[in-house]
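Heads up, the thing below is written out as structure tokens.
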Amino acid sequence: MCGICGLFEFAQNRTIPAELVRRMTDTIVHRGPDDDGVFTGPGIGLGFRRLSIIDVAGGHQPLSNEDGSVWVMLNGEIYNYGELHDDLVARGHRFATRSDTETIVHLYEEYGEECFARLRGMFAIALWDSRSRQLVLARDRVGKKPLYYAADSKRILFGSELKCLLAGDSLARDIDIHALSDYFSLGYIPAPKTIYRAANKLLPGHYLVASAKGIRVQRYWDISFAEVEQRTEEEWCELLRHQLCEVTRMRLMSEVPLGAFLSGGVDSSSIVAMMAKIMNRPVTTCSIGFEEREFDESDYAREVAKQFRTDHHEQIVRPNALDVLNKLVWHYDEPFADSSAIPTYYVSQVARKYVTVALGGDGGDESFAGYRRYYFDQMENHLRGLIPAGLRSTIFGPLGQIYPPLAGAPRFLRAKATFQSLARSPLEGYFNSVSIFRPGEKPNLFTPDFRNALGGYDSIGVLQQYYDRADTTDPLSRIQYVDIKTYLTDDILAKVDRASMAVSLEVRAPLLDHKLMETVAKIPSSLKLVVARVNTSSKKR
């Protein structure tokens, strides 16, 4: 795991000052404390910070092809680089290292922009092609690794974190008021927006090409729920066990100590079970617990650790949010309201004492419908379908006035408050349940001038674009698609990336392997809802 940054001046021939690039890399030392590298040339500057995982001795970056015409930097891991390497060697390419990064250079030489669809892993990539004078940026399919950029008619800045761009000279700090409005609804700022109007997040599953001709952004992957396969539950379980074993095995490649997060929940426990089956030594597992019994789940983690005979490390955390607040604010760069950022930081801190790489269970809830809100959403949809639309408005419209306390209730209670959303469309009802401040409440937070400046902007549009794009009419699948494109990327994965990178820890997510996700998307919703009904842990939204 690493950090990348740089800039490209489209029409300039001056050599970018190395000290400017180093000023950018200095902001992300935590992402790569083991090594650094800078490449500069006419109009181009690339900066890199390295956390050494694979080819520790020879994987220095930026890295080029044989004649130095193509340069690349990788933040992440390419899990299928072995087979890609063998194929490229058979096609005549010569390798100077054993690193997965060099595979990307030769893959680009062979396939051009189509190369990213051939990668299996988590990645943010910067690739400089001096022959065509173009910079190519790419991000993995679900956004496990972040990538920010800011472009105008003269240049583009990019980096693994927003602070890279701010260090890269004269980026405008004007606030994006639509992004701020989204934050008060969702608790995070959804891609491609950032808190700054001048900067963007590259969308997951997309790559960007920057040249003197301008900026072009292209999607190379999307997940489909259109094709549902009819298998028995036993057949699905057998297939999933096989694939989960495969994707876990792929993520065990490492030249440094490797272990796992273990919460005791189904997702992380399944990963630990696969690791215990594959590895020829005890799995190093790491957990945190709390003195408050209503929040403490360490007993479950302890039971799983005992079952699989792991080398288990546990720490009881007595968190004082104020002690870590300034640190977390600095790492996140923009508003972020998920309180689980604090325990995620603590468990990363514990794990870093024993390992450099940790596997986690992220992505299971989105793929397998593990959040309670999915069950409540289906229940609302069922009830909504039993009552004609006109009658719903007549019956349930006044309930908001009869029971005003529901409007200010915690999110968990609002999710259960079924009748509040029955008068709305399915997406409006879902947006209601996941919003921190609901549409009727949010305007009260803003001044008249701010409301006027928003010009009627409605944050539901963030979800609506993906709801409309989903290639299915199945209600559960459409909501899962929305969450994969929004909540998973910009809340869950942003949280894990920042918390783990703050302590220079790499986290891998087998459940987010894109081929596994594509398989799970074919499971009928009727089977996934069994999971949703029984998964009622208090940490689920």
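Chain labels follow the order of the structure tokens: the first chain is A, the next B, and so on; residue numbering restarts at 1 in every chain, and ligands are counted from 1 in their shown order.
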Margin query: Using only C-alpha atoms, which protein or nucleic acid residues come within 12 Å of A:Gly32? Drop anything in the same chain fewer than 4 positions from it, and give the result as a PyMOL selection string.
Written below: chain A and resi 1-4+25-28+36-37+47-53+60-61+74-76+160+356+500-506
Notebook entry, point to check: If we count only C-alpha atoms, what is near A:Ala341 at a cut-off of 8 Å, once residues fewer than 5 positions away on the same chain are taken out, given as a list of chain:residue names?
Noted result: A:Lys495, A:Val496, A:Ala499
Selection export as a short mmCIF file (atom, residue, chain, number, x, y, z; two decimals), in the first residue's frame, atoms kept: C-alpha atoms:
data_model
loop_
_atom_site.label_atom_id
_atom_site.label_comp_id
_atom_site.auth_asym_id
_atom_site.auth_seq_id
_atom_site.Cartn_x
_atom_site.Cartn_y
_atom_site.Cartn_z
CA LYS A 495 -13.10 5.06 6.48
CA VAL A 496 -11.01 1.89 6.27
CA ALA A 499 -7.87 4.69 9.41
#
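For the residues A:Arg508, A:Arg216, A:Lys163, A:Lys145, ranking by smallest atom-to-atom distance to A:Ala260 using only C-alpha atoms places A:Arg508 first.
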May I have a table of the residues of stretch 284-374 of chain A lying at most 10 Å from stretch 425-436 of chain A, giving each one's closest pair of atoms and their distance in Å to one decimal, counting only C-alpha atoms, ordered by chain and ascending residue number, as JSON lines?
{"residue": "A:Ala337", "atom": "CA", "partner": "A:Ile436", "partner_atom": "CA", "distance": 9.3}
{"residue": "A:Arg373", "atom": "CA", "partner": "A:Ser433", "partner_atom": "CA", "distance": 7.5}
{"residue": "A:Tyr374", "atom": "CA", "partner": "A:Tyr430", "partner_atom": "CA", "distance": 8.9}
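Atom CA of A:Val329 is positioned 20.5 Å from atom CA of A:Phe158.
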Note to self: Excluding A:Ser224 and its own-chain neighbours fewer than 3 positions away, which residues fall within 10 Å of it when counting only C-alpha atoms? Please give them as a PyMOL selection string.
What the structure shows: chain A and resi 221+227-228+470-472+477+481+517-519+521-522
Go ahead and write the selection's residues with all heavy atoms as a compact mmCIF listing (two decimals), in the first residue's frame.
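Written output follows (out_33.txt):
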# COMPACT_ATOMS: atom_id res chain seq x y z
N TRP A 221 -15.98 -0.66 -15.90
CA TRP A 221 -16.64 -1.79 -15.21
C TRP A 221 -17.90 -1.29 -14.52
O TRP A 221 -17.99 -0.14 -14.08
CB TRP A 221 -15.70 -2.40 -14.16
CG TRP A 221 -16.30 -3.57 -13.41
CD1 TRP A 221 -16.31 -4.87 -13.82
CD2 TRP A 221 -16.95 -3.55 -12.13
NE1 TRP A 221 -16.93 -5.66 -12.87
CE2 TRP A 221 -17.32 -4.88 -11.82
CE3 TRP A 221 -17.25 -2.53 -11.21
CZ2 TRP A 221 -17.99 -5.22 -10.63
CZ3 TRP A 221 -17.91 -2.87 -10.03
CH2 TRP A 221 -18.27 -4.21 -9.76
N GLU A 227 -28.93 -10.66 -14.35
CA GLU A 227 -28.96 -12.10 -14.60
C GLU A 227 -29.05 -12.86 -13.28
O GLU A 227 -28.06 -12.99 -12.55
CB GLU A 227 -27.70 -12.53 -15.36
CG GLU A 227 -27.68 -14.00 -15.76
CD GLU A 227 -26.40 -14.38 -16.46
OE1 GLU A 227 -25.67 -13.48 -16.90
OE2 GLU A 227 -26.14 -15.61 -16.56
N VAL A 228 -30.21 -13.37 -12.96
CA VAL A 228 -30.43 -14.14 -11.73
C VAL A 228 -30.38 -15.63 -12.06
O VAL A 228 -31.04 -16.08 -13.00
CB VAL A 228 -31.78 -13.78 -11.07
CG1 VAL A 228 -32.03 -14.65 -9.84
CG2 VAL A 228 -31.80 -12.30 -10.71
N ALA A 470 -29.51 1.17 -12.40
CA ALA A 470 -29.48 -0.26 -12.09
C ALA A 470 -30.24 -1.05 -13.14
O ALA A 470 -31.35 -0.67 -13.53
CB ALA A 470 -30.07 -0.50 -10.71
N ASP A 471 -29.64 -2.15 -13.60
CA ASP A 471 -30.24 -2.91 -14.70
C ASP A 471 -31.17 -4.01 -14.18
O ASP A 471 -31.14 -5.15 -14.64
CB ASP A 471 -29.16 -3.51 -15.59
CG ASP A 471 -28.21 -4.43 -14.84
OD1 ASP A 471 -28.34 -4.58 -13.60
OD2 ASP A 471 -27.31 -5.02 -15.49
N THR A 472 -32.00 -3.65 -13.22
CA THR A 472 -32.94 -4.60 -12.63
C THR A 472 -34.14 -3.83 -12.10
O THR A 472 -34.04 -2.64 -11.79
CB THR A 472 -32.28 -5.38 -11.48
OG1 THR A 472 -33.24 -6.24 -10.85
CG2 THR A 472 -31.73 -4.43 -10.43
N SER A 477 -32.31 -5.44 -5.09
CA SER A 477 -31.10 -5.33 -5.92
C SER A 477 -30.81 -3.88 -6.30
O SER A 477 -29.65 -3.47 -6.36
CB SER A 477 -31.25 -6.19 -7.17
OG SER A 477 -31.39 -7.56 -6.84
N TYR A 481 -27.42 -1.91 -5.39
CA TYR A 481 -26.62 -1.23 -6.41
C TYR A 481 -26.32 0.21 -5.98
O TYR A 481 -25.18 0.69 -6.10
CB TYR A 481 -27.37 -1.24 -7.73
CG TYR A 481 -26.61 -0.60 -8.88
CD1 TYR A 481 -25.66 -1.33 -9.60
CD2 TYR A 481 -26.86 0.71 -9.25
CE1 TYR A 481 -24.97 -0.75 -10.65
CE2 TYR A 481 -26.17 1.31 -10.30
CZ TYR A 481 -25.23 0.57 -10.99
OH TYR A 481 -24.55 1.15 -12.03
N MET A 517 -18.19 -10.61 -6.32
CA MET A 517 -19.35 -9.72 -6.29
C MET A 517 -20.29 -10.00 -7.45
O MET A 517 -21.52 -9.98 -7.30
CB MET A 517 -18.91 -8.26 -6.31
CG MET A 517 -18.19 -7.81 -5.05
SD MET A 517 -17.69 -6.06 -5.13
CE MET A 517 -19.29 -5.24 -5.07
N GLU A 518 -19.73 -10.25 -8.62
CA GLU A 518 -20.56 -10.55 -9.80
C GLU A 518 -21.33 -11.85 -9.61
O GLU A 518 -22.49 -11.97 -10.05
CB GLU A 518 -19.67 -10.62 -11.03
CG GLU A 518 -19.14 -9.27 -11.47
CD GLU A 518 -18.04 -9.35 -12.53
OE1 GLU A 518 -17.58 -10.47 -12.82
OE2 GLU A 518 -17.65 -8.29 -13.05
N THR A 519 -20.71 -12.82 -8.95
CA THR A 519 -21.42 -14.07 -8.65
C THR A 519 -22.55 -13.84 -7.67
O THR A 519 -23.69 -14.30 -7.88
CB THR A 519 -20.44 -15.11 -8.07
OG1 THR A 519 -19.47 -15.45 -9.07
CG2 THR A 519 -21.18 -16.38 -7.65
N ALA A 521 -24.18 -11.19 -7.09
CA ALA A 521 -25.25 -10.39 -7.69
C ALA A 521 -26.27 -11.26 -8.43
O ALA A 521 -27.38 -10.81 -8.72
CB ALA A 521 -24.66 -9.35 -8.64
N LYS A 522 -25.91 -12.50 -8.72
CA LYS A 522 -26.82 -13.42 -9.43
C LYS A 522 -27.68 -14.24 -8.47
O LYS A 522 -28.56 -14.98 -8.92
CB LYS A 522 -26.01 -14.36 -10.33
CG LYS A 522 -25.25 -13.63 -11.44
CD LYS A 522 -24.38 -14.60 -12.24
CE LYS A 522 -23.58 -13.86 -13.31
NZ LYS A 522 -22.71 -14.77 -14.07
